[in-house]
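Single-structure report; data block below.
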Amino acid sequence: TRLDKAEKDASVKAVLLRVNSPGGSVAASEMMYREIRGFRERSGKPVVASFAEVAASGGYYTSLAADRIVAQPTSVTASIGVIIQTFNFSKGMSMIGIEGRALVSRPNKDLANPFEPPVESQFAVLQAMVDEFYTSFSKLVMERRPALASSTPERQAMATDGRVVTGVQALDLGLVDELGGVREAFAAAKKLAGIASARLVKYHSEGDEPPRSPYASAEGVPHASLGSAGASGREMNLVQVNLGDTPMPGAGFYYLWMP
């Protein structure tokens, strides 16, 4: 993986993680967080997260692995919480004379079956799982964001009630460390790495397409290099997390902002 390359490359002194994502599944978000923390602990190389347009829910969860978080003033972030989306078609089906019936091994095998009337005891099972995942998420926020953890219970509740906030609001709440773009995050990474100069090297997907600018969120944007020339042997590796347009999720639990 790109992190493996950065870990083994002695010329890479820090990693800049460019995040542009509304989130994803609970399991995927946790896996990415653990991968980044594992890289940090094994390599000793600092990681700085740089927020683009959106770094919400699972995007924010993943960013908690960084040593420092830099958000643009207009970034949309937070959305700290869990969602499992369900639908129920039983009333509409009954209006046109259609019934659904599942044959199951035990009563909870067909939790939230969309073709049969809702069973509240089954939704209670799902709610308990949502609560468990939310507790884990909010606990991690408090562990990784000491400024928020030391604030008032009212501000903690505001930051973790599921709402999205701007970069400016996130800084005020203690969810991020400073405001700025890639250049400011690059400067923060150099400071954490203890070096005065370096050049920013973007790891991009293999293929025919040219590498995109660290600022880009659209396809086909030409590469723009950052950093100082003559900084041989000292590089900042930029890894971009960009999920693009996220479709309506399938079955599962999500750290996801769905406006």
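FYI, nothing fancy with the structure tokens labels: chains A, B, ... in order, residues from 1 per chain, ligands from 1 as they appear.
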
Pick out the residues sitting within 7 Å of Gln72 (chain A), and hand them over as a list in words; count only C-alpha atoms, and ignore anything fewer than 3 positions along from it in its own chain.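 The neighbour list is Phe51, Ala52, Ser75, Gly167, Leu179, Gly180 and Gly181 of chain A.
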
Rows by chain and residue number, region 79-138 of chain A within 12 Å of region 172-177 of chain A, shortest pair, only C-alpha atoms, as a Markdown table:
```
| residue | atom | partner | partner_atom | distance |
| --- | --- | --- | --- | --- |
| A:Ser79 | CA | A:Leu175 | CA | 11.2 |
| A:Ile80 | CA | A:Leu175 | CA | 10.6 |
| A:Ser138 | CA | A:Leu175 | CA | 11.7 |
```

Limited to all heavy atoms, could you put the picked residues into a file as a PDB file, in the first residue's frame?
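Printed below is out-v2.pdb as written:
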```pdb
ATOM      1  N   SER A  79     -20.125  15.397  12.036  1.00  0.00           N
ATOM      2  CA  SER A  79     -21.119  14.337  11.795  1.00  0.00           C
ATOM      3  C   SER A  79     -20.716  13.087  12.562  1.00  0.00           C
ATOM      4  O   SER A  79     -20.668  11.978  12.024  1.00  0.00           O
ATOM      5  CB  SER A  79     -21.241  14.025  10.297  1.00  0.00           C
ATOM      6  OG  SER A  79     -22.295  13.115  10.055  1.00  0.00           O
ATOM      7  N   ILE A  80     -20.409  13.286  13.836  1.00  0.00           N
ATOM      8  CA  ILE A  80     -19.945  12.193  14.687  1.00  0.00           C
ATOM      9  C   ILE A  80     -21.148  11.362  15.119  1.00  0.00           C
ATOM     10  O   ILE A  80     -21.977  11.809  15.921  1.00  0.00           O
ATOM     11  CB  ILE A  80     -19.183  12.761  15.898  1.00  0.00           C
ATOM     12  CG1 ILE A  80     -17.915  13.455  15.409  1.00  0.00           C
ATOM     13  CG2 ILE A  80     -18.860  11.664  16.908  1.00  0.00           C
ATOM     14  CD1 ILE A  80     -17.253  14.331  16.449  1.00  0.00           C
ATOM     15  N   SER A 138     -17.403   8.253  19.867  1.00  0.00           N
ATOM     16  CA  SER A 138     -17.300   9.428  20.730  1.00  0.00           C
ATOM     17  C   SER A 138     -16.161   9.285  21.743  1.00  0.00           C
ATOM     18  O   SER A 138     -15.477  10.270  22.075  1.00  0.00           O
ATOM     19  CB  SER A 138     -18.621   9.685  21.449  1.00  0.00           C
ATOM     20  OG  SER A 138     -19.027   8.559  22.204  1.00  0.00           O
TER      21      SER A 138
END
```

List the spatial neighbours of Asp4 (chain A) as a PyMOL selection string - criterion: any atom at most 10 Å away, only C-alpha atoms, same-chain residues fewer than 5 positions off excluded. chain A and resi 9+35+39+43

File of the preceding selection, N, CA, C and O atoms, as an mmCIF file, in the first residue's frame:
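Saved to again.cif:
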```
data_model
loop_
_atom_site.group_PDB
_atom_site.id
_atom_site.type_symbol
_atom_site.label_atom_id
_atom_site.label_comp_id
_atom_site.auth_asym_id
_atom_site.auth_seq_id
_atom_site.Cartn_x
_atom_site.Cartn_y
_atom_site.Cartn_z
ATOM 1 N N ASP A 9 10.410 3.926 2.816
ATOM 2 C CA ASP A 9 11.229 4.927 2.126
ATOM 3 C C ASP A 9 11.860 5.869 3.149
ATOM 4 O O ASP A 9 11.175 6.666 3.785
ATOM 5 N N GLU A 35 -4.831 1.322 10.420
ATOM 6 C CA GLU A 35 -3.702 1.280 9.486
ATOM 7 C C GLU A 35 -2.817 2.516 9.657
ATOM 8 O O GLU A 35 -1.583 2.416 9.672
ATOM 9 N N PHE A 39 0.991 2.601 11.130
ATOM 10 C CA PHE A 39 2.100 3.236 10.398
ATOM 11 C C PHE A 39 2.837 4.220 11.300
ATOM 12 O O PHE A 39 4.065 4.230 11.355
ATOM 13 N N SER A 43 6.732 3.467 12.237
ATOM 14 C CA SER A 43 7.711 4.298 11.525
ATOM 15 C C SER A 43 8.209 5.481 12.335
ATOM 16 O O SER A 43 9.317 5.978 12.105
#
```

Quick check for you: according to DSSP on this backbone, which residues of region 46-121 of chain A are classed as alpha helix (DSSP H)? Reply as a list of chain:residue names.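 Here is the list: A:Gly58, A:Gly59, A:Tyr60, A:Tyr61, A:Thr62, A:Ser63, A:Ser90, A:Lys91, A:Gly92, A:Met93, A:Ser94, A:Met95, A:Glu120, A:Ser121.
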
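Taking CA of Gly58 (chain A) and CA of Gly44 (chain A) as the two end points, the separation is 24.3 Å.
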